[in-house]
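For reference, coords-v2.cif is printed below; it contains mmCIF, C-alpha atoms.
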```cif
data_query
loop_
_atom_site.label_atom_id
_atom_site.label_comp_id
_atom_site.auth_asym_id
_atom_site.auth_seq_id
_atom_site.Cartn_x
_atom_site.Cartn_y
_atom_site.Cartn_z
CA MET A 297 47.18 -8.85 -11.59
CA ARG A 298 45.01 -5.81 -12.28
CA ILE A 299 44.09 -7.21 -15.71
CA LEU A 300 43.19 -10.54 -14.15
CA LEU A 301 40.95 -8.81 -11.65
CA LEU A 302 39.31 -6.78 -14.42
CA LEU A 303 38.70 -9.97 -16.41
CA PHE A 304 37.20 -11.61 -13.33
CA PHE A 305 34.74 -8.74 -12.78
CA ALA A 306 33.95 -8.65 -16.49
CA MET A 307 33.10 -12.37 -16.38
CA LEU A 308 30.90 -11.80 -13.34
CA CYS A 309 29.08 -8.94 -15.00
CA CYS A 310 28.62 -10.43 -18.45
CA PRO A 311 25.69 -12.74 -17.76
CA LEU A 312 23.82 -9.85 -16.10
CA ILE A 313 24.36 -7.62 -19.08
CA ILE A 314 23.30 -10.34 -21.47
CA ILE A 315 20.11 -11.02 -19.49
CA ALA A 316 19.29 -7.30 -19.44
CA GLN A 317 19.94 -6.87 -23.16
CA THR A 318 18.06 -9.90 -24.33
CA ASN A 319 15.00 -9.44 -22.17
CA CYS A 320 12.51 -9.41 -25.02
CA ASN A 321 14.38 -12.03 -27.00
CA VAL A 322 13.06 -14.71 -24.68
CA TYR A 323 9.97 -14.49 -26.85
CA ASN A 324 10.34 -16.39 -30.10
CA ASP A 325 7.31 -15.00 -31.91
CA LYS A 326 7.04 -11.51 -33.33
CA PRO A 327 3.80 -10.43 -31.56
CA HIS A 328 5.19 -11.18 -28.09
CA LYS A 329 8.57 -9.68 -28.89
CA THR A 330 7.02 -6.45 -30.23
CA ALA A 331 4.62 -6.28 -27.28
CA CYS A 332 7.55 -6.71 -24.89
CA GLU A 333 9.59 -3.94 -26.55
CA LEU A 334 6.62 -1.57 -26.42
CA TYR A 335 6.08 -2.52 -22.77
CA ASN A 336 9.70 -1.58 -22.07
CA SER A 337 9.15 1.79 -23.72
CA ALA A 338 5.89 2.35 -21.82
CA ILE A 339 7.46 1.91 -18.41
CA GLN A 340 9.97 4.66 -19.17
CA TYR A 341 7.16 7.22 -18.83
CA SER A 342 5.44 8.22 -15.61
CA GLN A 343 2.78 5.78 -14.45
CA GLY A 344 -0.68 6.62 -15.76
CA SER A 345 0.55 9.26 -18.23
CA ARG A 346 -0.94 9.34 -21.71
CA GLN A 347 2.43 8.45 -23.25
CA SER A 348 2.76 5.41 -21.06
CA GLN A 349 -0.84 4.19 -21.46
CA THR A 350 -0.73 4.74 -25.23
CA LEU A 351 2.37 2.57 -25.51
CA PHE A 352 0.70 -0.14 -23.43
CA LEU A 353 -2.22 -0.03 -25.86
CA GLU A 354 0.24 -0.34 -28.77
CA SER A 355 1.82 -3.27 -26.98
CA LEU A 356 -1.58 -4.92 -26.60
CA LYS A 357 -2.34 -4.27 -30.24
CA ALA A 358 0.73 -6.32 -31.08
CA CYS A 359 -0.22 -9.07 -28.66
CA PRO A 360 -3.64 -8.70 -26.94
CA SER A 361 -2.82 -11.29 -24.31
CA PHE A 362 0.56 -9.84 -23.24
CA ALA A 363 0.05 -10.05 -19.49
CA PRO A 364 2.82 -7.65 -18.29
CA SER A 365 1.25 -4.81 -20.31
CA LEU A 366 -2.29 -5.70 -19.19
CA HIS A 367 -1.12 -5.66 -15.58
CA GLU A 368 1.07 -2.58 -15.70
CA MET A 369 -1.58 -0.61 -17.57
CA SER A 370 -4.13 -1.55 -14.90
CA VAL A 371 -2.13 -0.21 -11.95
CA PRO A 372 -2.90 3.54 -12.17
CA TYR A 373 -6.63 2.78 -12.51
CA LEU A 374 -6.47 0.79 -9.28
CA LYS A 375 -4.52 3.43 -7.38
CA ARG A 376 -6.89 6.18 -8.55
CA GLY A 377 -10.17 4.43 -7.79
CA ASP A 378 -11.27 3.40 -11.30
CA PHE A 379 -11.97 -0.17 -10.29
CA TYR A 380 -13.99 -0.93 -13.41
CA THR A 381 -11.07 -0.39 -15.78
CA TRP A 382 -8.59 -1.95 -13.35
CA LYS A 383 -10.68 -5.13 -13.12
CA LEU A 384 -11.15 -5.26 -16.88
CA LEU A 385 -7.40 -5.22 -17.46
CA ILE A 386 -6.22 -7.36 -14.55
CA ASP A 387 -8.84 -10.01 -15.37
CA GLN A 388 -7.33 -10.35 -18.83
CA ALA A 389 -3.83 -10.58 -17.32
CA VAL A 390 -5.05 -13.40 -15.08
CA VAL A 391 -6.60 -15.22 -18.04
CA SER A 392 -3.28 -14.93 -19.92
CA ASP A 393 -1.08 -15.95 -17.01
CA PRO A 394 -2.97 -17.24 -13.96
CA ALA A 395 0.09 -18.21 -11.95
CA GLY A 396 1.69 -14.83 -12.66
CA TYR A 397 -1.24 -12.56 -11.77
CA LEU A 398 -3.71 -14.32 -9.47
CA GLY A 399 -1.58 -13.23 -6.53
CA THR A 400 -1.59 -9.61 -7.68
CA ARG A 401 -5.34 -9.54 -8.24
CA GLY A 402 -6.06 -11.33 -4.97
CA TRP A 403 -3.79 -9.01 -3.03
CA CYS A 404 -5.30 -5.88 -4.59
CA LEU A 405 -8.87 -7.08 -3.97
CA PHE A 406 -7.87 -7.48 -0.33
CA LYS A 407 -5.95 -4.26 0.07
CA PHE A 408 -7.83 -1.73 -2.05
CA LEU A 409 -11.36 -3.13 -2.05
CA LYS A 410 -11.72 -5.32 1.05
CA ASP A 411 -13.42 -7.83 -1.24
CA TYR A 412 -12.40 -10.73 0.96
CA GLN A 413 -14.33 -13.51 -0.76
CA ARG A 414 -12.93 -12.81 -4.23
CA SER A 415 -9.49 -12.21 -2.81
CA PHE A 416 -9.58 -15.54 -1.00
CA ASN A 417 -10.83 -17.32 -4.12
CA ASP A 418 -7.92 -15.96 -6.16
CA LEU A 419 -5.29 -16.74 -3.55
CA ASN A 420 -6.69 -20.18 -2.90
CA ARG A 421 -6.60 -20.95 -6.63
CA LEU A 422 -3.02 -19.73 -6.72
CA TYR A 423 -2.18 -21.77 -3.64
CA HIS A 424 -3.25 -24.95 -5.43
CA LEU A 425 -1.57 -23.94 -8.69
CA THR A 426 1.73 -23.45 -6.87
CA ASN A 427 1.63 -26.50 -4.59
CA GLY A 428 1.13 -24.41 -1.49
CA GLN A 429 3.71 -21.71 -2.27
CA PRO A 430 1.66 -18.73 -3.49
CA GLY A 431 4.44 -16.20 -2.97
CA TYR A 432 4.30 -12.73 -1.44
CA SER A 433 2.03 -9.69 -1.48
CA GLY A 434 2.76 -6.79 -3.80
CA ASP A 435 4.36 -4.77 -1.00
CA GLY A 436 6.42 -7.75 0.16
CA ASP A 437 4.97 -7.64 3.68
CA TYR A 438 3.06 -10.91 3.58
CA ASP A 439 3.25 -14.49 2.50
CA LEU A 440 -0.04 -14.62 0.59
CA GLN A 441 -1.18 -17.42 2.93
CA ILE A 442 -1.31 -14.77 5.68
CA VAL A 443 -3.57 -12.70 3.42
CA MET A 444 -5.77 -15.78 2.95
CA ALA A 445 -5.99 -16.09 6.73
CA LEU A 446 -6.89 -12.40 7.06
CA CYS A 447 -9.60 -12.84 4.42
CA LYS A 448 -11.09 -15.75 6.36
CA ARG A 449 -10.95 -13.74 9.57
CA ASP A 450 -12.55 -10.70 8.02
CA MET A 451 -15.33 -12.91 6.62
CA GLY A 452 -15.98 -14.01 10.21
CA ASP A 453 -14.35 -17.45 10.17
CA ASN A 454 -11.70 -17.06 12.88
CA LYS A 455 -11.12 -20.80 13.24
CA ALA A 456 -10.31 -21.24 9.55
CA ALA A 457 -8.08 -18.16 9.79
CA ILE A 458 -6.11 -19.64 12.68
CA LEU A 459 -5.56 -22.90 10.79
CA ILE A 460 -4.07 -21.01 7.86
CA PHE A 461 -2.02 -18.70 10.12
CA ASN A 462 -0.62 -21.68 12.01
CA LYS A 463 0.37 -23.63 8.92
CA CYS A 464 2.07 -20.64 7.31
CA ILE A 465 3.83 -19.40 10.44
CA ARG A 466 5.03 -22.94 11.30
CA GLU A 467 6.59 -23.25 7.84
CA HIS A 468 8.36 -19.92 8.18
CA GLU A 469 9.54 -20.55 11.72
CA LYS A 470 11.54 -23.52 10.44
CA HIS A 471 13.57 -21.17 8.24
CA GLN A 472 13.36 -18.09 10.48
CA THR A 473 11.47 -16.26 7.75
CA THR A 474 8.29 -15.23 9.55
CA GLY A 475 6.80 -12.02 8.20
CA LEU A 476 7.09 -8.71 9.97
CA PHE A 477 3.44 -8.65 11.08
CA ASP A 478 2.45 -12.35 11.13
CA TYR A 479 2.33 -12.70 14.94
CA LEU A 480 0.50 -9.40 15.29
CA HIS A 481 -2.34 -10.51 13.02
CA ARG A 482 -2.60 -13.96 14.56
CA GLY A 483 -2.58 -12.36 18.02
CA VAL A 484 -5.39 -9.98 17.06
CA THR A 485 -7.35 -12.99 15.80
CA TYR A 486 -6.85 -14.83 19.11
CA LEU A 487 -7.90 -11.66 20.91
CA ALA A 488 -11.13 -11.62 18.87
CA MET A 489 -11.63 -15.29 19.82
CA LYS A 490 -11.18 -14.38 23.51
CA ASP A 491 -8.16 -16.67 23.80
CA TYR A 492 -6.22 -14.06 25.75
CA PRO A 493 -3.18 -16.09 26.90
CA THR A 494 -2.42 -17.19 23.32
CA ALA A 495 -2.95 -13.64 22.09
CA ILE A 496 -0.40 -12.39 24.65
CA THR A 497 2.08 -15.06 23.54
CA ASP A 498 1.74 -13.88 19.95
CA PHE A 499 2.07 -10.20 20.83
CA ASN A 500 5.24 -10.96 22.77
CA LEU A 501 6.61 -12.87 19.76
CA GLU A 502 5.71 -9.85 17.62
CA ILE A 503 7.62 -7.55 20.01
CA LYS A 504 10.66 -9.80 19.66
CA LYS A 505 10.34 -9.44 15.90
CA TYR A 506 9.55 -5.71 15.77
CA LYS A 507 10.27 -4.05 19.06
CA LYS A 508 9.16 -0.52 18.25
CA LEU A 509 5.79 -1.17 16.65
CA ALA A 510 3.20 0.86 18.57
CA ASP A 511 0.29 -1.21 17.25
CA THR A 512 1.37 -4.37 19.10
CA TYR A 513 1.52 -2.63 22.49
CA TYR A 514 -1.98 -1.25 21.91
CA TYR A 515 -3.36 -4.74 21.34
CA LEU A 516 -1.43 -6.04 24.36
CA GLY A 517 -3.10 -3.30 26.37
CA LEU A 518 -6.51 -4.34 25.06
CA THR A 519 -5.82 -7.98 25.96
CA TYR A 520 -4.81 -7.12 29.54
CA LEU A 521 -7.88 -4.93 29.78
CA LYS A 522 -10.00 -7.96 28.88
CA LEU A 523 -8.19 -9.86 31.64
CA HIS A 524 -9.04 -7.01 34.06
CA GLN A 525 -5.34 -6.34 34.65
CA HIS A 526 -5.76 -2.60 34.47
CA ALA A 527 -2.28 -1.54 35.56
CA ASN A 528 -0.68 -3.70 32.86
CA ALA A 529 -3.17 -2.48 30.29
CA LEU A 530 -2.44 1.17 31.06
CA ARG A 531 1.30 0.52 30.96
CA TYR A 532 1.04 -0.94 27.45
CA PHE A 533 -1.30 1.79 26.19
CA ASN A 534 1.17 4.41 27.43
CA GLN A 535 4.05 2.54 25.80
CA SER A 536 2.06 2.38 22.59
CA ARG A 537 1.46 6.13 22.66
CA THR A 538 5.12 6.88 23.28
CA LEU A 539 6.15 4.68 20.37
CA PHE A 540 3.45 6.16 18.16
CA THR A 541 4.31 9.79 18.84
CA LYS A 542 7.99 9.78 19.74
CA THR A 543 10.40 6.90 19.60
CA GLY A 544 8.84 4.19 17.48
CA TYR A 545 6.79 3.35 14.45
CA HIS A 546 3.20 2.52 13.60
CA ARG A 547 1.50 0.81 10.73
CA SER A 548 0.69 3.14 7.82
CA ASP A 549 0.67 3.02 4.06
CA PRO A 550 0.40 5.82 1.49
CA TYR A 551 -2.38 4.05 -0.43
CA CYS A 552 -4.70 2.32 2.03
CA GLU A 553 -5.39 1.60 5.66
CA GLU A 554 -3.34 -1.40 6.82
CA PRO A 555 -4.86 -4.53 8.39
CA ASP A 556 -5.14 -4.09 12.17
CA GLN A 557 -3.78 -0.55 11.88
CA VAL A 558 -4.07 1.46 15.07
CA TYR A 559 -4.75 5.21 15.17
CA LEU A 560 -3.44 7.60 17.80
CA ALA A 561 -7.07 8.37 18.64
CA ASP A 562 -7.61 4.68 19.52
CA ILE A 563 -4.73 4.73 21.98
CA THR A 564 -5.63 8.07 23.53
CA GLN A 565 -9.24 6.99 23.91
CA GLN A 566 -8.21 3.85 25.80
CA ILE A 567 -5.85 5.79 28.07
CA ASN A 568 -8.60 8.26 28.93
CA ILE A 569 -11.09 5.47 29.65
CA MET A 570 -8.52 3.67 31.84
CA ARG A 571 -7.70 6.82 33.81
CA ASP A 572 -11.36 7.52 34.42
CA THR A 573 -11.93 3.91 35.52
CA MET A 574 -8.93 3.89 37.86
CA ARG A 575 -9.92 7.23 39.44
CA ARG A 576 -13.30 5.84 40.50
CA PRO A 577 -13.46 4.76 44.15
CA MET B 190 -14.51 -36.06 -41.64
CA TYR B 191 -15.82 -32.67 -42.98
CA LEU B 192 -17.68 -32.16 -39.74
CA LYS B 193 -14.44 -32.56 -37.81
CA LYS B 194 -12.69 -30.04 -40.09
CA TYR B 195 -15.51 -27.49 -39.69
CA ALA B 196 -15.50 -28.01 -35.95
CA LEU B 197 -11.75 -27.39 -35.89
CA ILE B 198 -12.07 -24.22 -38.01
CA LEU B 199 -14.88 -23.00 -35.76
CA LEU B 200 -12.78 -23.68 -32.70
CA LEU B 201 -9.82 -21.80 -34.16
CA LEU B 202 -12.01 -18.85 -35.14
CA THR B 203 -13.40 -18.70 -31.62
CA ALA B 204 -9.93 -18.82 -30.17
CA ILE B 205 -8.79 -15.98 -32.40
CA ARG B 206 -11.90 -13.94 -31.70
CA LEU B 207 -11.61 -14.04 -27.93
CA PRO B 208 -8.63 -11.75 -27.51
CA ILE B 209 -9.95 -9.40 -30.18
CA LYS B 210 -13.22 -9.16 -28.30
CA ALA B 211 -11.29 -8.60 -25.09
CA GLN B 212 -9.14 -5.96 -26.80
CA SER B 213 -12.23 -4.00 -27.82
CA ASN B 214 -12.97 -3.46 -24.12
CA LEU B 215 -9.69 -1.67 -23.49
CA PRO B 216 -9.58 2.09 -23.01
CA LYS B 217 -9.43 3.85 -26.38
CA ALA B 218 -6.18 5.60 -27.29
CA ASP B 219 -7.91 8.76 -28.53
CA GLU B 220 -9.90 9.02 -25.30
CA LEU B 221 -6.98 8.73 -22.87
CA PRO B 222 -6.63 11.75 -20.58
CA GLU B 223 -3.28 13.41 -20.00
CA ASP B 224 -3.08 11.32 -16.84
CA VAL B 225 -5.31 8.45 -15.66
CA GLY B 226 -8.03 9.78 -13.36
CA ASP B 227 -7.84 13.42 -14.47
CA ILE B 228 -11.05 15.33 -13.77
CA ALA B 229 -11.72 18.12 -16.24
CA PHE B 230 -13.64 21.19 -15.08
CA ASP B 231 -17.37 20.92 -15.80
CA PRO B 232 -19.23 24.23 -15.53
CA LYS B 233 -22.51 22.35 -14.96
CA THR B 234 -21.37 20.77 -11.71
CA ASP B 235 -18.11 22.36 -10.59
CA ARG B 236 -17.49 25.65 -8.85
CA ALA B 237 -15.83 28.15 -11.18
CA ASN B 238 -14.19 29.86 -8.20
CA PHE B 239 -12.67 26.64 -6.80
CA TYR B 240 -9.09 27.74 -6.21
CA LEU B 241 -6.21 25.62 -7.51
CA CYS B 242 -2.64 26.43 -6.47
CA HIS B 243 -1.08 24.78 -9.46
CA LYS B 244 -3.42 25.00 -12.42
CA GLY B 245 -2.97 22.00 -14.70
CA TYR B 246 -0.96 20.04 -12.16
CA ILE B 247 -2.93 18.06 -9.63
CA ILE B 248 -1.05 15.29 -7.82
CA GLN B 249 -2.48 11.99 -6.51
CA TYR B 250 -3.26 11.75 -2.78
CA TYR B 251 -0.53 9.15 -2.25
CA ASN B 252 2.22 11.32 -3.77
CA PHE B 253 2.49 13.64 -0.78
CA THR B 254 0.09 11.93 1.64
CA THR B 255 -2.95 14.13 1.41
CA SER B 256 -4.93 13.14 4.49
CA TYR B 257 -7.81 13.87 6.82
CA GLN B 258 -7.63 15.07 10.43
CA GLY B 259 -7.81 11.86 12.46
CA GLY B 260 -7.05 9.74 9.39
CA GLY B 261 -9.23 7.09 7.81
CA LYS B 262 -10.77 6.37 11.20
CA ALA B 263 -12.24 9.88 11.37
CA ILE B 264 -13.59 9.63 7.81
CA LYS B 265 -15.26 6.31 8.61
CA GLU B 266 -16.71 7.60 11.86
CA PHE B 267 -18.17 10.63 10.13
CA ILE B 268 -19.66 8.65 7.26
CA LEU B 269 -21.05 5.82 9.39
CA SER B 270 -22.54 8.13 11.98
CA HIS B 271 -24.26 10.29 9.38
CA TYR B 272 -25.34 7.59 6.92
CA LEU B 273 -29.10 7.03 6.92
CA TYR B 274 -30.23 3.57 5.88
CA LYS B 275 -33.60 3.26 4.22
CA PRO B 276 -35.49 0.06 3.35
CA ALA B 277 -35.50 1.23 -0.26
CA TYR B 278 -31.73 0.60 -0.32
CA LYS B 279 -32.17 -3.08 0.52
CA LEU B 280 -31.52 -4.21 -3.04
CA THR B 281 -28.32 -2.18 -3.34
CA THR B 282 -25.20 -4.32 -3.38
CA GLY B 283 -22.06 -3.02 -5.05
CA PHE B 284 -19.60 -0.16 -4.98
CA ILE B 285 -19.98 3.61 -5.06
CA THR B 286 -16.71 5.41 -5.69
CA ILE B 287 -16.49 9.17 -5.36
CA ARG B 288 -13.42 10.86 -6.75
CA PHE B 289 -12.70 14.53 -6.17
CA VAL B 290 -10.08 17.24 -5.84
CA ILE B 291 -8.70 18.54 -2.54
CA ASN B 292 -7.06 21.89 -3.17
CA CYS B 293 -4.01 23.30 -1.45
CA LYS B 294 -6.28 24.93 1.16
CA GLY B 295 -7.98 21.64 2.05
CA GLU B 296 -11.21 22.53 0.21
CA THR B 297 -12.98 20.05 -2.07
CA ASP B 298 -14.75 20.15 -5.44
CA ARG B 299 -15.02 18.40 -8.84
CA PHE B 300 -16.79 15.38 -7.38
CA ARG B 301 -17.35 12.45 -9.75
CA VAL B 302 -19.38 9.37 -8.89
CA SER B 303 -19.02 5.90 -10.35
CA GLN B 304 -21.15 2.89 -9.54
CA LEU B 305 -20.40 -0.80 -9.93
CA ASP B 306 -22.28 -3.93 -9.02
CA SER B 307 -20.60 -6.64 -6.94
CA ASP B 308 -19.18 -8.15 -10.15
CA TYR B 309 -17.46 -4.83 -10.96
CA LYS B 310 -19.84 -4.12 -13.85
CA LYS B 311 -21.06 -0.56 -14.43
CA VAL B 312 -24.59 -0.08 -13.13
CA LEU B 313 -26.86 2.63 -11.83
CA LEU B 314 -27.49 2.05 -8.14
CA ASN B 315 -30.24 3.65 -6.06
CA LYS B 316 -30.21 7.34 -7.00
CA GLU B 317 -31.16 8.58 -3.54
CA LEU B 318 -28.43 6.49 -1.93
CA THR B 319 -25.83 7.72 -4.41
CA GLY B 320 -26.93 11.30 -3.73
CA GLN B 321 -26.63 10.75 0.01
CA MET B 322 -23.07 9.42 -0.33
CA LEU B 323 -22.11 12.39 -2.49
CA ARG B 324 -23.53 14.82 0.09
CA LEU B 325 -21.67 13.06 2.88
CA CYS B 326 -18.37 13.30 0.97
CA LYS B 327 -18.99 16.99 0.33
CA ASN B 328 -19.50 17.47 4.07
CA LEU B 329 -16.07 16.12 4.98
CA ASN B 330 -14.41 19.39 5.91
CA HIS B 331 -11.14 18.59 7.60
CA TRP B 332 -8.79 17.67 4.77
CA ILE B 333 -5.05 18.18 5.11
CA PRO B 334 -3.55 19.04 1.72
CA GLY B 335 -0.59 17.12 0.37
CA LYS B 336 2.74 18.70 1.32
CA ASP B 337 6.27 18.00 0.12
CA GLN B 338 9.36 17.92 2.34
CA LYS B 339 10.00 21.62 1.73
CA GLY B 340 6.51 22.44 2.98
CA ASN B 341 4.99 23.32 -0.40
CA VAL B 342 1.30 22.43 -0.50
CA TYR B 343 -0.42 20.83 -3.48
CA ASP B 344 -3.82 20.25 -5.02
CA SER B 345 -4.53 16.55 -5.17
CA TYR B 346 -7.00 13.92 -6.27
CA TYR B 347 -8.59 11.67 -3.69
CA TYR B 348 -11.29 9.03 -3.78
CA LEU B 349 -13.55 7.27 -1.33
CA ASN B 350 -14.91 3.86 -2.14
CA PHE B 351 -17.99 2.53 -0.38
CA GLN B 352 -18.84 -1.14 -0.50
CA PHE B 353 -22.54 -1.80 0.03
CA VAL B 354 -24.25 -5.07 0.86
CA LYS B 355 -28.05 -4.85 0.83
CA GLY B 356 -27.92 -1.12 1.41
CA ARG B 357 -25.54 -1.29 4.39
CA ILE B 358 -22.00 0.08 4.23
CA LYS B 359 -19.70 -2.91 4.54
CA ALA B 360 -16.37 -1.24 3.89
CA ILE B 361 -14.88 2.16 3.19
CA THR B 362 -11.53 2.47 1.44
CA PRO B 363 -8.78 3.60 1.06
#
```

Represent the supplied structure as structure tokens.
Amino acid sequence: MRILLLLFFAMLCCPLIIIAQTNCNVYNDKPHKTACELYNSAIQYSQGSRQSQTLFLESLKACPSFAPSLHEMSVPYLKRGDFYTWKLLIDQAVVSDPAGYLGTRGWCLFKFLKDYQRSFNDLNRLYHLTNGQPGYSGDGDYDLQIVMALCKRDMGDNKAAILIFNKCIREHEKHQTTGLFDYLHRGVTYLAMKDYPTAITDFNLEIKKYKKLADTYYYLGLTYLKLHQHANALRYFNQSRTLFTKTGYHRSDPYCEEPDQVYLADITQQINIMRDTMRRP
Amino acid sequence: MYLKKYALILLLLTAIRLPIKAQSNLPKADELPEDVGDIAFDPKTDRANFYLCHKGYIIQYYNFTTSYQGGGKAIKEFILSHYLYKPAYKLTTGFITIRFVINCKGETDRFRVSQLDSDYKKVLLNKELTGQMLRLCKNLNHWIPGKDQKGNVYDSYYYLNFQFVKGRIKAITP
């Protein structure tokens, strides 16, 4: 029995091992195969180190259009603010494999550079290349359609943003796969459009999805403030502060400011304004 | 017939040349620093007495969340409230990135400026504007040095990227 079980696990594991071992053998030509092997060596070293970058260059010597090396070599330049070299490399990766790297470039243009027009152009091109399934952002937080909507919003076209949000969220609702912050961003967009009831609906949906996110309560507070419901507004601002400082979470990222990220100073400022307003006779 | 052959050869040569041309734009192996983004000490511009806790080992800001009091919001508020627009900047559209070191005491030095146009090509933008942005960055005085879980503080690299459209600051990252 034990032997049978061992054989069963061995059979389960075998395909995995084979895939791992033959990774670079999927390439039939020598330049790609060599480039792939050098890529594998490069990623063993710390990102951005001379050893790693030198091996990427070797890899690209073997095959100048090897997109994984072009992309991986570009990453430390992006993270460290050398956008010239990053763009140079990622552009070549996109030329080599548009479907593979348009999403990465579009996402990074959005996140690191707030270059919304170029980001949208990339993601829109990818959207059409992939029959409306562009995939997810590098950090996994967003369907890239949500990023397209955010780009439209941040370029000032709230109506276009809402159309994209709606289409994407509707698709995900069917499979219960809405993103962690989708309702929050759509709600903030409705808030900017002064459609306060719909904004509140979205913020409540967001709370159902992510109960302890301080940012949502802050925006709920702002919405009630716009509706002149001061007691409700203050209640949500206080809840937001408690979640931010004690029992919950707030949006943050080690690299960049997040879309619609709220700071503690924003919340405190609103609470102080509200208290002053409510004290007045 | 010959024309077709020549055209084909020409096409092939072009196709082969493209990646080689692209390759020549890559960073050069013999010019790679120990780590991407390293800033070497320059006696012409950098303070000789700028203290570093760990000489030869400067982390990136995102390794141990080097930050600013009040976060990115406070940086933006400071920059935007102190930035002086001048009509002479009207033609300036592009990016100014300023990279620097924040030491373990929260002090800054080793500032380096790079300038790109809106197509991410290297250019020289308005000198006065670039100088103003550098001065503003040098005046940010409330840095919180990167710290690991044991409480050890580190020297780290940071950068601020300013996106300009017609001389106005459109975005500040990260």

Hey, which bits of chain A sit within 7 Å of chain B, and for each residue what's the closest pair of atoms and how far apart in Å (one decimal), counting all atoms listed in the file, rows by chain and increasing number, as a tab-separated table?
```
residue	atom	partner	partner_atom	distance
A:Gly344	CA	B:Val225	CA	5.0
A:Ser345	CA	B:Asp224	CA	4.4
A:Arg346	CA	B:Glu223	CA	5.0
A:Thr350	CA	B:Ala218	CA	5.9
A:Pro360	CA	B:Pro208	CA	5.9
A:Ser361	CA	B:Pro208	CA	6.6
A:Pro372	CA	B:Val225	CA	6.5
A:Tyr373	CA	B:Val225	CA	6.6
A:Arg376	CA	B:Gly226	CA	6.1
A:Gly377	CA	B:Tyr348	CA	6.2
A:Tyr380	CA	B:Tyr309	CA	5.8
A:Phe408	CA	B:Pro363	CA	6.2
A:Leu409	CA	B:Thr362	CA	6.6
A:Lys410	CA	B:Ala360	CA	6.8
A:Pro550	CA	B:Tyr251	CA	5.1
A:Tyr551	CA	B:Tyr251	CA	5.7
A:Cys552	CA	B:Pro363	CA	4.4
A:Glu553	CA	B:Pro363	CA	6.1
```

For this session: Apply the PyMOL selection byres ((chain A and resi 422-426) around 10) to the displayed file and report the matching residues as a list of chain:residue names.
Result: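 Matching residues under the PyMOL selection byres ((chain A and resi 422-426) around 10) are A:Pro394, A:Ala395, A:Gly396, A:Tyr397, A:Leu398, A:Gly399, A:Gly402, A:Phe416, A:Asn417, A:Asp418, A:Leu419, A:Asn420, A:Arg421, A:Asn427, A:Gly428, A:Gln429, A:Pro430, A:Gly431, A:Leu440, A:Gln441, A:Met444.
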
Problem set entry | Answer key for the PyMOL selection byres ((chain B and resi 281) around 10), residues as a ChimeraX atom specification | /B:277-280,282-284,306-307,313-315,318,352-357

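Once the PyMOL selection byres ((chain B and resi 230) around 12) is applied to the depicted file, the selected set reads B:Asp227, B:Ile228, B:Ala229, B:Asp231, B:Pro232, B:Lys233, B:Thr234, B:Asp235, B:Arg236, B:Ala237, B:Asn238, B:Phe239, B:Tyr240, B:Leu241, B:Lys244, B:Gly245, B:Phe289, B:Val290, B:Asp298, B:Arg299, B:Phe300, B:Arg301.
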
Exercise. So what do you get for atom CA of A:Leu374 versus atom CA of A:Leu560, distance-wise?
Worked result: 28.1 Å

Exercise. Between atom CA of A:Asn462 and atom CA of A:Leu516, what is the distance, to one decimal in Å?
Worked result: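 These two atoms are separated by 19.9 Å.
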
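Remark: residues at most 12 Å from position (-15.8, -13.8, 13.6) in file coordinates are Leu446, Cys447, Lys448, Arg449, Asp450, Met451, Gly452, Asp453, Asn454, Lys455, Ala456, Ala457, Ile458, Val484, Thr485, Tyr486, Leu487, Ala488, Met489 and Lys490 of chain A, using only C-alpha atoms.
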
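Distances here use all atoms listed in the file; by that measure, the residue among A:Asp393, A:Met574, A:Ala331, A:Thr543 closest to A:Gln525 is A:Met574.
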
Exercise. Between atom CA of A:Gln535 and atom CA of B:Gln258, what is the distance, to one decimal in Å?
Worked result: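 Atom-to-atom, atom CA of A:Gln535 to atom CA of B:Gln258, that is 23.0 Å.
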
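Residue neighbourhood of A:Ile339, excluding near-sequence residues (fewer than 4 positions): Leu334, Tyr335, Gln343, Ser348, Leu351, Phe352 and Glu368 of chain A, at 9 Å, using all atoms listed in the file.
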
For this session: Quick one: everything within 9 Å of B:Tyr246, counting only C-alpha atoms, minus sequence neighbours fewer than 3 positions away in the same chain. Send it as a ChimeraX atom specification.
Result: /B:241-243,343-345

Keeping only C-alpha atoms, write the selected residues to a file as a PDB file, in the coordinates of the input.
```
ATOM      1  CA  LEU B 241      -6.210  25.620  -7.510  1.00  0.00           C
ATOM      2  CA  CYS B 242      -2.640  26.430  -6.470  1.00  0.00           C
ATOM      3  CA  HIS B 243      -1.080  24.780  -9.460  1.00  0.00           C
ATOM      4  CA  TYR B 343      -0.420  20.830  -3.480  1.00  0.00           C
ATOM      5  CA  ASP B 344      -3.820  20.250  -5.020  1.00  0.00           C
ATOM      6  CA  SER B 345      -4.530  16.550  -5.170  1.00  0.00           C
TER       7      SER B 345
END
```
